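Listing of data-v2.cif, mmCIF, C-alpha atoms
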data_target
loop_
_atom_site.label_atom_id
_atom_site.label_comp_id
_atom_site.auth_asym_id
_atom_site.auth_seq_id
_atom_site.Cartn_x
_atom_site.Cartn_y
_atom_site.Cartn_z
CA MET A 1 124.48 153.61 121.19
CA MET A 2 124.98 156.55 118.82
CA HIS A 3 125.22 159.09 121.64
CA GLN A 4 128.57 160.50 120.49
CA GLN A 5 127.63 161.06 116.83
CA PHE A 6 124.60 163.00 118.04
CA GLN A 7 126.63 165.18 120.38
CA GLU A 8 126.81 168.22 118.09
CA CYS A 9 123.05 168.17 117.59
CA ILE A 10 122.36 167.56 121.29
CA ASP A 11 124.53 170.58 122.15
CA ALA A 12 122.71 172.73 119.58
CA CYS A 13 119.33 171.65 120.99
CA ASN A 14 120.33 172.43 124.58
CA ALA A 15 121.74 175.84 123.58
CA CYS A 16 118.61 176.63 121.56
CA ALA A 17 116.29 175.59 124.40
CA ASP A 18 118.17 177.83 126.84
CA ALA A 19 118.07 180.77 124.40
CA CYS A 20 114.34 180.31 123.75
CA ASP A 21 113.46 179.99 127.45
CA HIS A 22 115.51 183.12 128.17
CA CYS A 23 113.94 185.00 125.23
CA SER A 24 110.38 184.15 126.30
CA ALA A 25 110.99 185.56 129.78
CA ALA A 26 112.82 188.64 128.46
CA CYS A 27 110.04 189.34 125.91
CA LEU A 28 107.51 189.31 128.77
CA GLN A 29 109.42 192.21 130.38
CA GLU A 30 109.45 194.35 127.21
CA GLU A 31 107.34 197.51 127.09
CA HIS A 32 105.50 196.38 123.96
CA VAL A 33 104.69 192.83 125.03
CA GLN A 34 101.76 192.63 122.67
CA ALA A 35 104.11 192.84 119.68
CA MET A 36 106.07 189.94 121.15
CA ALA A 37 103.15 187.53 121.62
CA ARG A 38 103.98 185.22 118.69
CA CYS A 39 107.67 185.33 119.63
CA ILE A 40 106.83 184.14 123.15
CA GLU A 41 104.53 181.39 121.81
CA LEU A 42 107.19 180.07 119.44
CA ASP A 43 109.88 180.37 122.12
CA MET A 44 107.83 178.08 124.38
CA ASP A 45 107.19 175.52 121.63
CA CYS A 46 110.80 175.60 120.49
CA ALA A 47 112.36 175.34 123.96
CA GLN A 48 110.24 172.30 124.81
CA ILE A 49 110.76 170.35 121.58
CA CYS A 50 114.51 171.08 121.68
CA ARG A 51 114.76 169.64 125.21
CA LEU A 52 112.80 166.57 124.13
CA SER A 53 114.95 166.12 121.01
CA ALA A 54 118.10 166.21 123.16
CA ALA A 55 116.57 163.52 125.40
CA TYR A 56 115.62 161.27 122.46
CA MET A 57 119.10 161.60 120.93
CA ALA A 58 120.88 160.98 124.24
CA ARG A 59 118.85 157.76 124.57
CA GLY A 60 119.53 156.78 120.95
CA SER A 61 115.75 156.57 120.38
CA GLU A 62 114.52 155.02 117.14
CA PHE A 63 112.33 158.13 116.77
CA ALA A 64 115.15 160.67 117.28
CA ALA A 65 115.46 161.47 113.56
CA ALA A 66 111.70 161.93 113.11
CA LEU A 67 111.50 164.24 116.14
CA CYS A 68 114.54 166.25 114.98
CA ARG A 69 112.92 166.75 111.57
CA LEU A 70 109.93 168.44 113.23
CA CYS A 71 112.24 170.26 115.65
CA ALA A 72 114.05 171.79 112.66
CA ASP A 73 110.75 173.19 111.33
CA ILE A 74 109.85 174.75 114.68
CA CYS A 75 113.37 176.17 115.11
CA ARG A 76 113.11 177.80 111.67
CA ALA A 77 109.72 179.36 112.47
CA CYS A 78 111.09 180.68 115.76
CA ALA A 79 114.23 182.02 114.07
CA ASP A 80 112.09 183.86 111.47
CA GLU A 81 109.93 185.48 114.16
CA CYS A 82 112.81 186.38 116.50
CA GLY A 83 114.72 187.72 113.49
CA LYS A 84 112.10 190.48 113.13
CA HIS A 85 113.02 192.05 116.47
CA LYS A 86 116.11 194.06 117.37
CA MET A 87 116.53 193.18 121.07
CA ASP A 88 119.65 191.25 122.02
CA HIS A 89 117.67 188.33 123.42
CA CYS A 90 115.77 187.99 120.14
CA ARG A 91 118.90 188.24 117.98
CA GLU A 92 120.73 185.67 120.10
CA CYS A 93 117.70 183.40 120.09
CA ALA A 94 117.33 183.64 116.30
CA ALA A 95 121.00 182.67 115.86
CA ALA A 96 120.68 179.69 118.25
CA CYS A 97 117.48 178.59 116.46
CA ARG A 98 119.18 178.72 113.04
CA ARG A 99 122.16 176.69 114.26
CA CYS A 100 119.80 174.14 115.83
CA ALA A 101 117.62 173.91 112.71
CA ASP A 102 120.74 173.16 110.63
CA ALA A 103 122.03 170.56 113.09
CA CYS A 104 118.61 168.86 113.32
CA ALA A 105 118.25 168.83 109.52
CA ARG A 106 121.68 167.22 109.14
CA MET A 107 120.99 164.72 111.93
CA SER A 108 117.65 163.67 110.45
CA GLY A 109 118.97 163.52 106.91
CA ALA A 110 116.39 166.09 105.78
CA MET B 1 91.69 179.46 121.28
CA MET B 2 90.76 175.93 120.21
CA HIS B 3 91.37 174.44 123.65
CA GLN B 4 87.89 172.87 123.89
CA GLN B 5 87.88 171.15 120.50
CA PHE B 6 91.21 169.55 121.45
CA GLN B 7 89.94 168.32 124.81
CA GLU B 8 89.30 164.71 123.74
CA CYS B 9 92.79 164.44 122.29
CA ILE B 10 94.39 166.17 125.29
CA ASP B 11 92.66 163.69 127.60
CA ALA B 12 93.84 160.74 125.48
CA CYS B 13 97.41 162.08 125.55
CA ASN B 14 97.40 162.52 129.33
CA ALA B 15 95.95 159.04 129.88
CA CYS B 16 98.47 157.51 127.48
CA ALA B 17 101.40 159.30 129.13
CA ASP B 18 100.32 158.05 132.56
CA ALA B 19 99.90 154.47 131.26
CA CYS B 20 103.33 154.55 129.55
CA ASP B 21 105.11 156.00 132.59
CA HIS B 22 103.45 153.35 134.78
CA CYS B 23 104.28 150.56 132.32
CA SER B 24 107.97 151.55 132.09
CA ALA B 25 108.33 151.36 135.87
CA ALA B 26 106.36 148.09 136.14
CA CYS B 27 108.42 146.49 133.31
CA LEU B 28 111.59 147.33 135.26
CA GLN B 29 110.29 145.20 138.15
CA GLU B 30 109.55 142.16 135.96
CA GLU B 31 111.67 139.02 136.32
CA HIS B 32 112.60 139.02 132.62
CA VAL B 33 113.50 142.68 132.26
CA GLN B 34 115.73 141.99 129.28
CA ALA B 35 112.70 140.93 127.23
CA MET B 36 111.05 144.25 128.15
CA ALA B 37 113.88 146.54 127.04
CA ARG B 38 112.23 147.82 123.85
CA CYS B 39 108.91 148.17 125.69
CA ILE B 40 110.59 150.40 128.29
CA GLU B 41 112.33 152.47 125.61
CA LEU B 42 109.10 153.08 123.71
CA ASP B 43 107.21 153.77 126.95
CA MET B 44 109.67 156.58 127.74
CA ASP B 45 109.47 158.08 124.24
CA CYS B 46 105.70 157.80 124.17
CA ALA B 47 105.08 159.23 127.65
CA GLN B 48 107.21 162.28 126.90
CA ILE B 49 105.79 163.11 123.47
CA CYS B 50 102.22 162.62 124.76
CA ARG B 51 102.83 165.11 127.58
CA LEU B 52 104.32 167.60 125.09
CA SER B 53 101.42 167.12 122.66
CA ALA B 54 98.94 167.85 125.47
CA ALA B 55 100.87 171.05 126.26
CA TYR B 56 100.93 172.20 122.61
CA MET B 57 97.18 171.54 122.22
CA ALA B 58 96.30 173.27 125.50
CA ARG B 59 98.21 176.34 124.25
CA GLY B 60 96.58 176.14 120.80
CA SER B 61 100.06 175.99 119.24
CA GLU B 62 100.35 176.36 115.47
CA PHE B 63 102.50 173.20 115.57
CA ALA B 64 100.03 171.08 117.58
CA ALA B 65 98.80 169.15 114.52
CA ALA B 66 102.33 168.39 113.29
CA LEU B 67 103.40 167.18 116.73
CA CYS B 68 100.25 165.05 117.12
CA ARG B 69 100.97 163.41 113.74
CA LEU B 70 104.35 162.20 115.03
CA CYS B 71 102.82 161.36 118.41
CA ALA B 72 100.36 159.03 116.64
CA ASP B 73 103.28 157.13 115.02
CA ILE B 74 105.07 156.69 118.35
CA CYS B 75 101.85 155.65 120.10
CA ARG B 76 101.29 152.98 117.43
CA ALA B 77 104.83 151.62 117.78
CA CYS B 78 104.42 151.48 121.56
CA ALA B 79 101.01 149.79 121.26
CA ASP B 80 102.48 147.14 118.93
CA GLU B 81 105.34 146.39 121.33
CA CYS B 82 103.19 146.39 124.51
CA GLY B 83 100.64 144.24 122.69
CA LYS B 84 103.19 141.40 122.56
CA HIS B 85 103.24 141.04 126.35
CA LYS B 86 100.57 139.55 128.62
CA MET B 87 101.09 141.57 131.82
CA ASP B 88 98.23 143.86 132.86
CA HIS B 89 100.38 147.00 132.70
CA CYS B 90 101.35 146.19 129.10
CA ARG B 91 97.78 145.38 128.02
CA GLU B 92 96.43 148.57 129.60
CA CYS B 93 99.26 150.58 128.09
CA ALA B 94 98.66 149.12 124.61
CA ALA B 95 94.97 150.06 124.84
CA ALA B 96 95.76 153.63 125.98
CA CYS B 97 98.32 153.96 123.17
CA ARG B 98 95.82 152.82 120.53
CA ARG B 99 93.17 155.27 121.77
CA CYS B 100 95.73 158.07 121.76
CA ALA B 101 97.02 157.19 118.28
CA ASP B 102 93.47 157.37 116.95
CA ALA B 103 92.71 160.68 118.70
CA CYS B 104 96.00 162.21 117.48
CA ALA B 105 95.38 161.00 113.92
CA ARG B 106 91.89 162.56 113.94
CA MET B 107 93.17 165.77 115.49
CA SER B 108 95.98 166.18 112.96
CA GLY B 109 93.77 165.23 110.01
CA ALA B 110 96.10 162.34 109.15
CA MET C 1 103.52 150.10 142.31
CA MET C 2 101.41 152.77 143.98
CA HIS C 3 100.03 154.07 140.68
CA GLN C 4 96.37 153.66 141.72
CA GLN C 5 96.64 155.45 145.07
CA PHE C 6 98.19 158.39 143.23
CA GLN C 7 95.47 158.52 140.60
CA GLU C 8 93.52 161.41 142.13
CA CYS C 9 96.67 163.51 142.38
CA ILE C 10 97.84 162.53 138.87
CA ASP C 11 94.46 163.62 137.48
CA ALA C 12 94.64 166.93 139.37
CA CYS C 13 98.17 167.54 138.01
CA ASN C 14 97.16 166.82 134.42
CA ALA C 15 94.08 169.06 134.67
CA CYS C 16 96.13 171.85 136.26
CA ALA C 17 98.85 171.59 133.59
CA ASP C 18 96.23 171.84 130.82
CA ALA C 19 94.56 174.83 132.50
CA CYS C 20 97.91 176.62 132.99
CA ASP C 21 99.07 175.97 129.41
CA HIS C 22 95.72 177.25 128.13
CA CYS C 23 95.82 180.29 130.43
CA SER C 24 99.34 181.27 129.35
CA ALA C 25 98.31 181.28 125.68
CA ALA C 26 95.03 183.10 126.38
CA CYS C 27 96.81 185.75 128.50
CA LEU C 28 99.16 186.43 125.56
CA GLN C 29 96.11 187.38 123.45
CA GLU C 30 94.71 189.83 126.04
CA GLU C 31 94.78 193.55 125.29
CA HIS C 32 96.70 194.33 128.47
CA VAL C 33 99.37 191.66 128.18
CA GLN C 34 101.80 193.62 130.32
CA ALA C 35 99.50 193.22 133.32
CA MET C 36 99.51 189.46 132.70
CA ALA C 37 103.28 188.97 132.61
CA ARG C 38 103.62 187.34 136.04
CA CYS C 39 100.54 185.23 135.37
CA ILE C 40 102.13 183.90 132.17
CA GLU C 41 105.44 183.21 133.94
CA LEU C 42 103.75 181.25 136.72
CA ASP C 43 101.51 179.43 134.24
CA MET C 44 104.63 178.15 132.44
CA ASP C 45 106.34 177.07 135.66
CA CYS C 46 103.18 175.44 136.98
CA ALA C 47 102.26 173.60 133.78
CA GLN C 48 105.72 172.08 133.52
CA ILE C 49 106.11 170.98 137.14
CA CYS C 50 102.57 169.52 137.14
CA ARG C 51 103.38 167.40 134.06
CA LEU C 52 106.61 166.22 135.69
CA SER C 53 104.82 165.42 138.96
CA ALA C 54 102.28 163.30 137.07
CA ALA C 55 105.16 161.42 135.41
CA TYR C 56 106.96 160.79 138.73
CA MET C 57 103.76 159.54 140.37
CA ALA C 58 102.82 157.31 137.43
CA ARG C 59 106.27 155.73 137.71
CA GLY C 60 106.00 155.39 141.49
CA SER C 61 109.22 157.38 141.85
CA GLU C 62 110.89 157.53 145.26
CA PHE C 63 111.01 161.32 144.75
CA ALA C 64 107.33 161.75 143.86
CA ALA C 65 106.39 163.09 147.30
CA ALA C 66 109.26 165.59 147.36
CA LEU C 67 108.40 166.87 143.89
CA CYS C 68 104.68 167.13 144.76
CA ARG C 69 105.56 169.19 147.84
CA LEU C 70 107.26 171.80 145.63
CA CYS C 71 104.51 171.48 143.02
CA ALA C 72 101.96 172.43 145.70
CA ASP C 73 103.90 175.65 146.43
CA ILE C 74 104.04 176.62 142.76
CA CYS C 75 100.34 175.79 142.26
CA ARG C 76 99.46 178.04 145.21
CA ALA C 77 101.53 180.93 143.83
CA CYS C 78 99.89 180.51 140.43
CA ALA C 79 96.40 180.32 141.98
CA ASP C 80 97.04 183.54 143.91
CA GLU C 81 98.18 185.40 140.79
CA CYS C 82 95.43 184.04 138.51
CA GLY C 83 92.91 184.79 141.24
CA LYS C 84 93.60 188.53 140.80
CA HIS C 85 92.21 188.53 137.25
CA LYS C 86 88.60 188.30 136.12
CA MET C 87 88.97 186.51 132.76
CA ASP C 88 87.46 183.04 132.49
CA HIS C 89 90.78 181.41 131.67
CA CYS C 90 92.34 182.91 134.80
CA ARG C 91 89.43 181.94 137.05
CA GLU C 92 89.40 178.38 135.73
CA CYS C 93 93.16 178.18 136.05
CA ALA C 94 93.08 179.44 139.63
CA ALA C 95 90.50 176.79 140.54
CA ALA C 96 92.54 173.99 138.90
CA CYS C 97 95.69 175.22 140.67
CA ARG C 98 93.96 175.22 144.06
CA ARG C 99 92.63 171.69 143.56
CA CYS C 100 96.07 170.51 142.48
CA ALA C 101 97.82 172.23 145.40
CA ASP C 102 95.47 170.43 147.80
CA ALA C 103 95.94 167.04 146.11
CA CYS C 104 99.74 167.46 146.06
CA ALA C 105 99.80 168.51 149.71
CA ARG C 106 97.76 165.44 150.69
CA MET C 107 99.88 163.14 148.52
CA SER C 108 103.15 164.43 149.96
CA GLY C 109 101.89 164.40 153.54
CA ALA C 110 102.59 168.14 153.84
CA MET D 1 117.23 188.61 134.02
CA MET D 2 119.85 186.54 135.82
CA HIS D 3 120.36 184.20 132.87
CA GLN D 4 124.15 184.74 132.73
CA GLN D 5 124.85 184.12 136.43
CA PHE D 6 122.97 180.83 136.12
CA GLN D 7 124.94 179.74 133.05
CA GLU D 8 127.33 177.41 134.89
CA CYS D 9 124.44 175.65 136.59
CA ILE D 10 122.37 175.49 133.39
CA ASP D 11 125.33 173.88 131.60
CA ALA D 12 125.77 171.36 134.43
CA CYS D 13 122.05 170.49 134.30
CA ASN D 14 122.07 169.98 130.52
CA ALA D 15 125.21 167.81 130.69
CA CYS D 16 123.74 165.77 133.56
CA ALA D 17 120.43 165.27 131.74
CA ASP D 18 122.26 164.04 128.62
CA ALA D 19 124.43 161.66 130.68
CA CYS D 20 121.40 160.29 132.55
CA ASP D 21 119.33 159.79 129.39
CA HIS D 22 122.29 158.04 127.76
CA CYS D 23 122.92 155.90 130.87
CA SER D 24 119.28 154.77 131.11
CA ALA D 25 119.34 153.54 127.50
CA ALA D 26 122.76 151.89 127.87
CA CYS D 27 121.70 150.14 131.11
CA LEU D 28 118.71 148.66 129.25
CA GLN D 29 121.16 146.96 126.85
CA GLU D 30 123.26 145.42 129.64
CA GLU D 31 123.18 141.64 130.16
CA HIS D 32 122.14 142.00 133.81
CA VAL D 33 119.40 144.58 133.38
CA GLN D 34 117.70 143.51 136.58
CA ALA D 35 120.68 144.74 138.60
CA MET D 36 120.34 148.10 136.84
CA ALA D 37 116.64 148.70 137.57
CA ARG D 38 117.13 151.37 140.26
CA CYS D 39 119.85 153.00 138.17
CA ILE D 40 117.43 153.31 135.23
CA GLU D 41 114.67 154.68 137.49
CA LEU D 42 116.93 157.34 138.97
CA ASP D 43 118.37 158.18 135.53
CA MET D 44 114.85 158.95 134.28
CA ASP D 45 113.97 161.07 137.32
CA CYS D 46 117.29 162.89 137.19
CA ALA D 47 117.28 163.59 133.44
CA GLN D 48 113.80 165.09 133.61
CA ILE D 49 114.31 167.33 136.65
CA CYS D 50 117.66 168.54 135.27
CA ARG D 51 116.00 169.59 131.99
CA LEU D 52 113.24 171.37 133.93
CA SER D 53 115.79 173.11 136.19
CA ALA D 54 117.66 174.38 133.14
CA ALA D 55 114.37 175.75 131.76
CA TYR D 56 113.46 177.50 135.05
CA MET D 57 116.92 179.07 135.32
CA ALA D 58 116.97 180.19 131.67
CA ARG D 59 113.65 181.95 132.32
CA GLY D 60 114.87 183.46 135.59
CA SER D 61 111.93 181.82 137.37
CA GLU D 62 111.21 182.84 140.96
CA PHE D 63 111.12 179.09 141.74
CA ALA D 64 114.47 178.25 140.12
CA ALA D 65 116.33 178.05 143.45
CA ALA D 66 113.68 175.82 145.06
CA LEU D 67 113.68 173.46 142.07
CA CYS D 68 117.49 173.33 141.99
CA ARG D 69 117.54 172.40 145.68
CA LEU D 70 115.43 169.31 144.95
CA CYS D 71 117.39 168.67 141.76
CA ALA D 72 120.59 168.50 143.84
CA ASP D 73 119.05 165.78 146.05
CA ILE D 74 118.00 163.69 143.05
CA CYS D 75 121.41 164.16 141.37
CA ARG D 76 123.12 162.92 144.55
CA ALA D 77 120.89 159.83 144.76
CA CYS D 78 121.57 159.06 141.09
CA ALA D 79 125.33 159.60 141.54
CA ASP D 80 125.35 157.20 144.52
CA GLU D 81 123.53 154.48 142.56
CA CYS D 82 125.54 154.91 139.33
CA GLY D 83 128.73 154.97 141.43
CA LYS D 84 128.09 151.33 142.38
CA HIS D 85 128.51 150.12 138.79
CA LYS D 86 131.72 149.84 136.77
CA MET D 87 130.42 150.46 133.23
CA ASP D 88 131.66 153.59 131.47
CA HIS D 89 128.16 155.01 131.05
CA CYS D 90 127.52 154.68 134.80
CA ARG D 91 130.88 156.18 135.80
CA GLU D 92 130.41 159.13 133.43
CA CYS D 93 126.84 159.59 134.63
CA ALA D 94 127.89 159.54 138.30
CA ALA D 95 130.50 162.23 137.59
CA ALA D 96 128.00 164.43 135.73
CA CYS D 97 125.46 163.98 138.55
CA ARG D 98 128.02 165.00 141.19
CA ARG D 99 129.02 168.13 139.26
CA CYS D 100 125.35 169.03 138.79
CA ALA D 101 124.50 168.42 142.44
CA ASP D 102 127.31 170.80 143.46
CA ALA D 103 126.26 173.46 140.93
CA CYS D 104 122.60 173.23 142.00
CA ALA D 105 123.54 173.40 145.69
CA ARG D 106 125.64 176.54 145.08
CA MET D 107 122.93 178.09 142.91
CA SER D 108 120.19 177.50 145.48
CA GLY D 109 122.33 178.59 148.41
CA ALA D 110 121.88 175.20 150.07
#
Go through the file and emit its structure as structure tokens.
Amino acid sequence: MMHQQFQECIDACNACADACDHCSAACLQEEHVQAMARCIELDMDCAQICRLSAAYMARGSEFAAALCRLCADICRACADECGKHKMDHCRECAAACRRCADACARMSGA
Amino acid sequence: MMHQQFQECIDACNACADACDHCSAACLQEEHVQAMARCIELDMDCAQICRLSAAYMARGSEFAAALCRLCADICRACADECGKHKMDHCRECAAACRRCADACARMSGA
Amino acid sequence: MMHQQFQECIDACNACADACDHCSAACLQEEHVQAMARCIELDMDCAQICRLSAAYMARGSEFAAALCRLCADICRACADECGKHKMDHCRECAAACRRCADACARMSGA
Amino acid sequence: MMHQQFQECIDACNACADACDHCSAACLQEEHVQAMARCIELDMDCAQICRLSAAYMARGSEFAAALCRLCADICRACADECGKHKMDHCRECAAACRRCADACARMSGA
């Protein structure tokens, strides 16, 4: 069971999922929601794949690396979109997404 | 929104997830559980990624094709493992996994 | 394994999850997104708990009835909100939510 | 957005989900898997509802308290079952489940 060696990446995935879920809800309360549509879409995708990646890693799944490779791509796309906006929830989300993309890339050997 | 064109693949993912979740629970009740360990592991992985793939497709996510490509790989691995066992729940699961792998491969253009 | 007796409710949950995921994405593309904020929030909650309820039922979980009871409440809230809007995706979502609420209520003996 | 006030409970849910996912996989590798069947079942249920509870709380969902109330029940059942076994993964999982049950009970005012 490689649970321990994955711990850093699991933590990054959980933190990223929380930040994305929070950001999607906060974006929905912004005055200019329309400008946040793609941010909300990517937040949803990113939160869900991060939670699944954490589950695969915690189980030591033989597909954990492959899922983390895709998770890194989605985290990067979400970081790029959130990085365009100046609200705190977007800036914090972008930072969490970048950390998670790096951790997933390292974990999957990409 | 490409919800409709994805419908066949969404249906295959939902059916596969249900079959995998059922198979994992039924395997746990078998006399020789130890021989079913990898089947249960793959059932869990497959059920979860199928449910996520259905969600991405239903939302028309820009990452739906990439996720379905990986989903097809996991479905194939699960079908191969379930195909080794003679219990009804394994046979039905293997068939659902194969149908889903094909639908995901078509959908993702793989 | 009570997988078969749950089949009607599992199907209703999967259909409701797909409709909610589709509705959330379609609402985000509407001109008046701000008016759709609560609809999108409830769509996300409803899609996710419906997919989890299907998983619990397919596994014959001892907590399937308890989860379906809560799922029925969330489906009803989502149906009420979607029912206020005249777009096709909202009307279809409201109908799927109502069917799922009824199936979950029956399944959980509520 | 009540994201911050939920942070302790979100952290407890993520830690519990990781422990349950790890425990389910480790139980499957035990010599006497049959004796671990209910532990594995509850681990799966608990991991999934904990990840969903974290998502609801991070979004500030109006149903977060109701979901956490049920999550507390499932965490307690999982803690009781894991508490019967002497393996490290079960002991650590039982402890994480108890902490999460308490956090969810506080959060939901139960």
Go ahead and compute the interatomic distance for CA of Ala105 in chain B and CA of Ala47 in chain B, in Å to one decimal.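 Here the two named atoms are 16.9 Å from each other.
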Return the single residue from D:Gly83, D:Val33, D:Ala58, D:Ser53 that is closest to chain A, with distances computed using all atoms listed in the file. D:Ala58
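Using all atoms listed in the file, we find that the part of chain A lying within 12 Å of chain C comprises Asp21, His22, Ser24, Ala25, Ala26, Cys27, Leu28, Gln29, Glu30, Glu31, His32, Val33, Gln34, Ala35, Met36, Ala37, Arg38, Cys39, Ile40, Glu41, Leu42, Asp43, Met44, Asp45, Ala47 and Gln48 of chain A.
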Report as an MDAnalysis selection string the full result of the PyMOL selection byres ((chain D and resi 100) around 9) when it is applied to this structure. chainID D and resid 9:16 50 71:72 75:76 95:99 101:105
Given the PyMOL selection byres ((chain C and resi 93) around 8) and the file above, list the residues it selects as a list in words.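 In the shown coordinates, the PyMOL selection byres ((chain C and resi 93) around 8) covers Cys16, Ala19, Cys20, Cys23, Ala79, Cys82, His89, Cys90, Arg91, Glu92, Ala94, Ala95, Ala96 and Cys97 of chain C.
Coordinates place CA of Glu62 in chain A at a distance of 12.9 Å from CA of Phe6 in chain A.
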If you measure from CA of Ala66 in chain C to CA of His85 in chain D, what distance in Å do you get, rounded to one decimal? 26.1 Å
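Minimum atom-to-atom distances from D:Cys46, D:Ala17, D:Ala64, D:Ala55 to Cys78 in chain D were compared using all atoms listed in the file, and the lowest value belongs to D:Cys46.
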Pick the closest to Arg51 in chain B from B:Met87, B:Gly109, B:Leu67, B:Glu8: which is it, counting all atoms listed in the file? B:Leu67
Once N, CA, C and O atoms are restored for range 50-62 of chain D, what would the output be as a CSV table (one decimal), keeping the file's coordinate frame?
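Listing of out30.csv after writing:
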chain,number,residue,atom,x,y,z
D,50,CYS,N,116.6,167.7,135.7
D,50,CYS,CA,117.7,168.5,135.3
D,50,CYS,C,117.2,169.4,134.1
D,50,CYS,O,117.5,170.6,134.0
D,51,ARG,N,116.5,168.8,133.1
D,51,ARG,CA,116.0,169.6,132.0
D,51,ARG,C,115.0,170.7,132.4
D,51,ARG,O,115.0,171.8,131.9
D,52,LEU,N,114.2,170.4,133.4
D,52,LEU,CA,113.2,171.4,133.9
D,52,LEU,C,114.0,172.5,134.7
D,52,LEU,O,113.7,173.7,134.6
D,53,SER,N,115.0,172.1,135.5
D,53,SER,CA,115.8,173.1,136.2
D,53,SER,C,116.5,174.1,135.2
D,53,SER,O,116.5,175.3,135.5
D,54,ALA,N,117.0,173.5,134.1
D,54,ALA,CA,117.7,174.4,133.1
D,54,ALA,C,116.6,175.4,132.6
D,54,ALA,O,116.9,176.6,132.4
D,55,ALA,N,115.4,174.9,132.3
D,55,ALA,CA,114.4,175.8,131.8
D,55,ALA,C,114.0,176.9,132.8
D,55,ALA,O,113.9,178.0,132.4
D,56,TYR,N,113.8,176.5,134.0
D,56,TYR,CA,113.5,177.5,135.0
D,56,TYR,C,114.6,178.6,135.2
D,56,TYR,O,114.3,179.8,135.2
D,57,MET,N,115.8,178.1,135.2
D,57,MET,CA,116.9,179.1,135.3
D,57,MET,C,117.0,180.0,134.1
D,57,MET,O,117.2,181.2,134.2
D,58,ALA,N,116.9,179.4,132.9
D,58,ALA,CA,117.0,180.2,131.7
D,58,ALA,C,115.9,181.2,131.6
D,58,ALA,O,116.0,182.3,131.0
D,59,ARG,N,114.7,181.0,132.3
D,59,ARG,CA,113.6,182.0,132.3
D,59,ARG,C,113.8,182.9,133.5
D,59,ARG,O,113.0,183.8,133.7
D,60,GLY,N,114.7,182.6,134.4
D,60,GLY,CA,114.9,183.5,135.6
D,60,GLY,C,113.7,183.3,136.5
D,60,GLY,O,113.3,184.2,137.2
D,61,SER,N,113.1,182.1,136.6
D,61,SER,CA,111.9,181.8,137.4
D,61,SER,C,112.2,182.1,138.9
D,61,SER,O,113.2,181.8,139.4
D,62,GLU,N,111.1,182.6,139.5
D,62,GLU,CA,111.2,182.8,141.0
D,62,GLU,C,111.3,181.5,141.7
D,62,GLU,O,111.6,181.5,142.9
